[in-house]
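Before any comments, here is the structure.
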Amino acid sequence: MYSFDYQRPEQSDAAVQFLKQHEDAKYLGGGQSLLPTMRLRLARPSALVDVTRIAAMKSIAVTGDKVTIGGAVCHAEVGANADMKRALPGLAQLASHIGDRQVRERGTIGGSLANDDPAACYPAAVLALNATIVTDRRRIAADDFFLGMYETALEPDELITAVEFPLVERAAYEKFRNPASHFALVGVFVAKHADGVRVAITGAAPCVFRASELEAVLSKEFSVASARSTTISADTLNDDMHASAVYRAHLIPILAGRAVDRANSF
């Protein structure tokens, strides 16, 4: 590891101001993706701004018809929070199975979303639940946030301070994970809203995406059989050493059916 400046502000305004003063500085959440890339010299920021001590970004609140999770809340906290388990058990279940114990204790929801790994779990939940990403300067709808592989709508110095999830009728997540990394070869999040069903897929393509075919059939009948009867095209899916595009296309409706079954059991 090379030398770099390290700052640990206690206010989000101070974090943003410091980043603006350093052209190549980076925000640091759990560091589960950033630090390995720095060790490999794939990223070489001259300064890191640790946001994990900002109290306003460390809380989970269930109020009215939504759940608000601070950007610096780690995965383990989301998975273990009693209010989360009651309000959005599907999201709590997803968080409790990200990576391994070490990753869950350090990784943060804001860091995961800002990184936008194409096989990460949280993007599927954010997109399917129609969440809102709250930053230091604006609110970004889930449908507008994910732009491509490791690419989001965030400005270079923009900080995710919280994520707001609306409460839904039912929701759950299922993934077929790589046994080594625990990243999703395919992950499917299904959410039944009052006005229809949203289904988001991670791990199967260069960027998380909504599965319109599954949304259409599950909005008519929210059942395992409906999900399993759906055919997904393999044309735009990943084809690599871990799984072929055809195999991923085959997995999507199977995992969607399992997610529906789990959602109905919560």
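In the structure tokens, each chain is lettered A, B, ... as it comes, each chain's residues begin at 1, and ligands are numbered from 1 in order of appearance.
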Each residue of stretch 35-86 of chain A with at least one atom at most 6 Å from stretch 164-181 of chain A should appear once, together with its nearest atom pair and the corresponding distance in Å (one decimal); atoms considered: only C-alpha atoms; ordering: chain, then increasing residue number; output as a Markdown table.
```
| residue | atom | partner | partner_atom | distance |
| --- | --- | --- | --- | --- |
| A:Asp65 | CA | A:Leu167 | CA | 5.4 |
| A:Lys66 | CA | A:Pro166 | CA | 4.2 |
| A:Val67 | CA | A:Phe165 | CA | 5.1 |
| A:Thr68 | CA | A:Glu164 | CA | 4.5 |
```
Set out as CSV a contact list for stretch 43-122 of chain A and stretch 129-136 of chain A with a cut-off of 10 Å, giving each residue of stretch 43-122 of chain A that qualifies its closest atom pair and distance in Å to one decimal, counting only C-alpha atoms, ordered by chain and rising residue number.
```
residue,atom,partner,partner_atom,distance
A:Lys66,CA,A:Ala131,CA,9.4
A:Val67,CA,A:Ala131,CA,9.5
A:Thr68,CA,A:Thr132,CA,9.5
A:Ile69,CA,A:Ile133,CA,9.9
A:Gly70,CA,A:Val134,CA,9.2
A:Gly71,CA,A:Val134,CA,8.6
A:Leu88,CA,A:Leu129,CA,9.9
A:Leu91,CA,A:Leu129,CA,9.2
A:Gly110,CA,A:Ile133,CA,8.9
A:Leu113,CA,A:Ile133,CA,9.0
```
From the options A:Ala76, A:Pro9, A:Arg44, A:Ala25, which residue's atoms come nearest to A:Ala56, counting only C-alpha atoms?
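Under the stated criterion, the closest residue is A:Pro9.
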Using only C-alpha atoms, which protein or nucleic acid residues come within 7 Å of stretch 32-38 of chain A? Drop anything in the same chain fewer than 5 positions from it, and give the result as a ChimeraX atom specification.
/A:43-44,103,107
How would the residues just chosen look if you wrote them out with N, CA, C and O atoms as a PDB file, in the first residue's frame?
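Saved to out_20.pdb:
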```
ATOM      1  N   ALA A  43      -6.516   1.880  -8.511  1.00  0.00           N
ATOM      2  CA  ALA A  43      -6.962   3.217  -8.103  1.00  0.00           C
ATOM      3  C   ALA A  43      -5.875   3.788  -7.211  1.00  0.00           C
ATOM      4  O   ALA A  43      -5.301   3.069  -6.384  1.00  0.00           O
ATOM      5  N   ARG A  44      -5.590   5.094  -7.376  1.00  0.00           N
ATOM      6  CA  ARG A  44      -4.518   5.704  -6.595  1.00  0.00           C
ATOM      7  C   ARG A  44      -4.948   7.075  -6.072  1.00  0.00           C
ATOM      8  O   ARG A  44      -4.316   8.099  -6.391  1.00  0.00           O
ATOM      9  N   VAL A 103     -17.019  -9.047   5.698  1.00  0.00           N
ATOM     10  CA  VAL A 103     -17.561  -8.068   4.746  1.00  0.00           C
ATOM     11  C   VAL A 103     -18.809  -7.410   5.314  1.00  0.00           C
ATOM     12  O   VAL A 103     -18.990  -6.193   5.211  1.00  0.00           O
ATOM     13  N   GLY A 107     -18.605  -3.514   5.320  1.00  0.00           N
ATOM     14  CA  GLY A 107     -19.213  -2.916   4.136  1.00  0.00           C
ATOM     15  C   GLY A 107     -20.445  -2.097   4.468  1.00  0.00           C
ATOM     16  O   GLY A 107     -21.214  -2.444   5.364  1.00  0.00           O
TER      17      GLY A 107
END
```
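Nearest to A:Phe222 of all the residues A:Ile54, A:Ala263, A:Ala142, A:Ala125 is A:Ala263, counting only C-alpha atoms.
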Between atom CA of A:Asn115 and atom CA of A:Pro206 - distance in Å to one decimal
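Atom-to-atom, atom CA of A:Pro206 and atom CA of A:Asn115 are spaced 13.3 Å apart.
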Report as a ChimeraX atom specification all protein, DNA and RNA residues lying within 12 Å of A:Arg138, evaluated on only C-alpha atoms, omitting residues in the same chain fewer than 4 positions from it.
/A:132-134,145,153-155,158-163
Filtered DSSP result for stretch 59-117 of chain A, state helix (DSSP H, G or I), as an NGL selection string:
:A and (75-80 or 82-87 or 89-95 or 101-106 or 109-115)
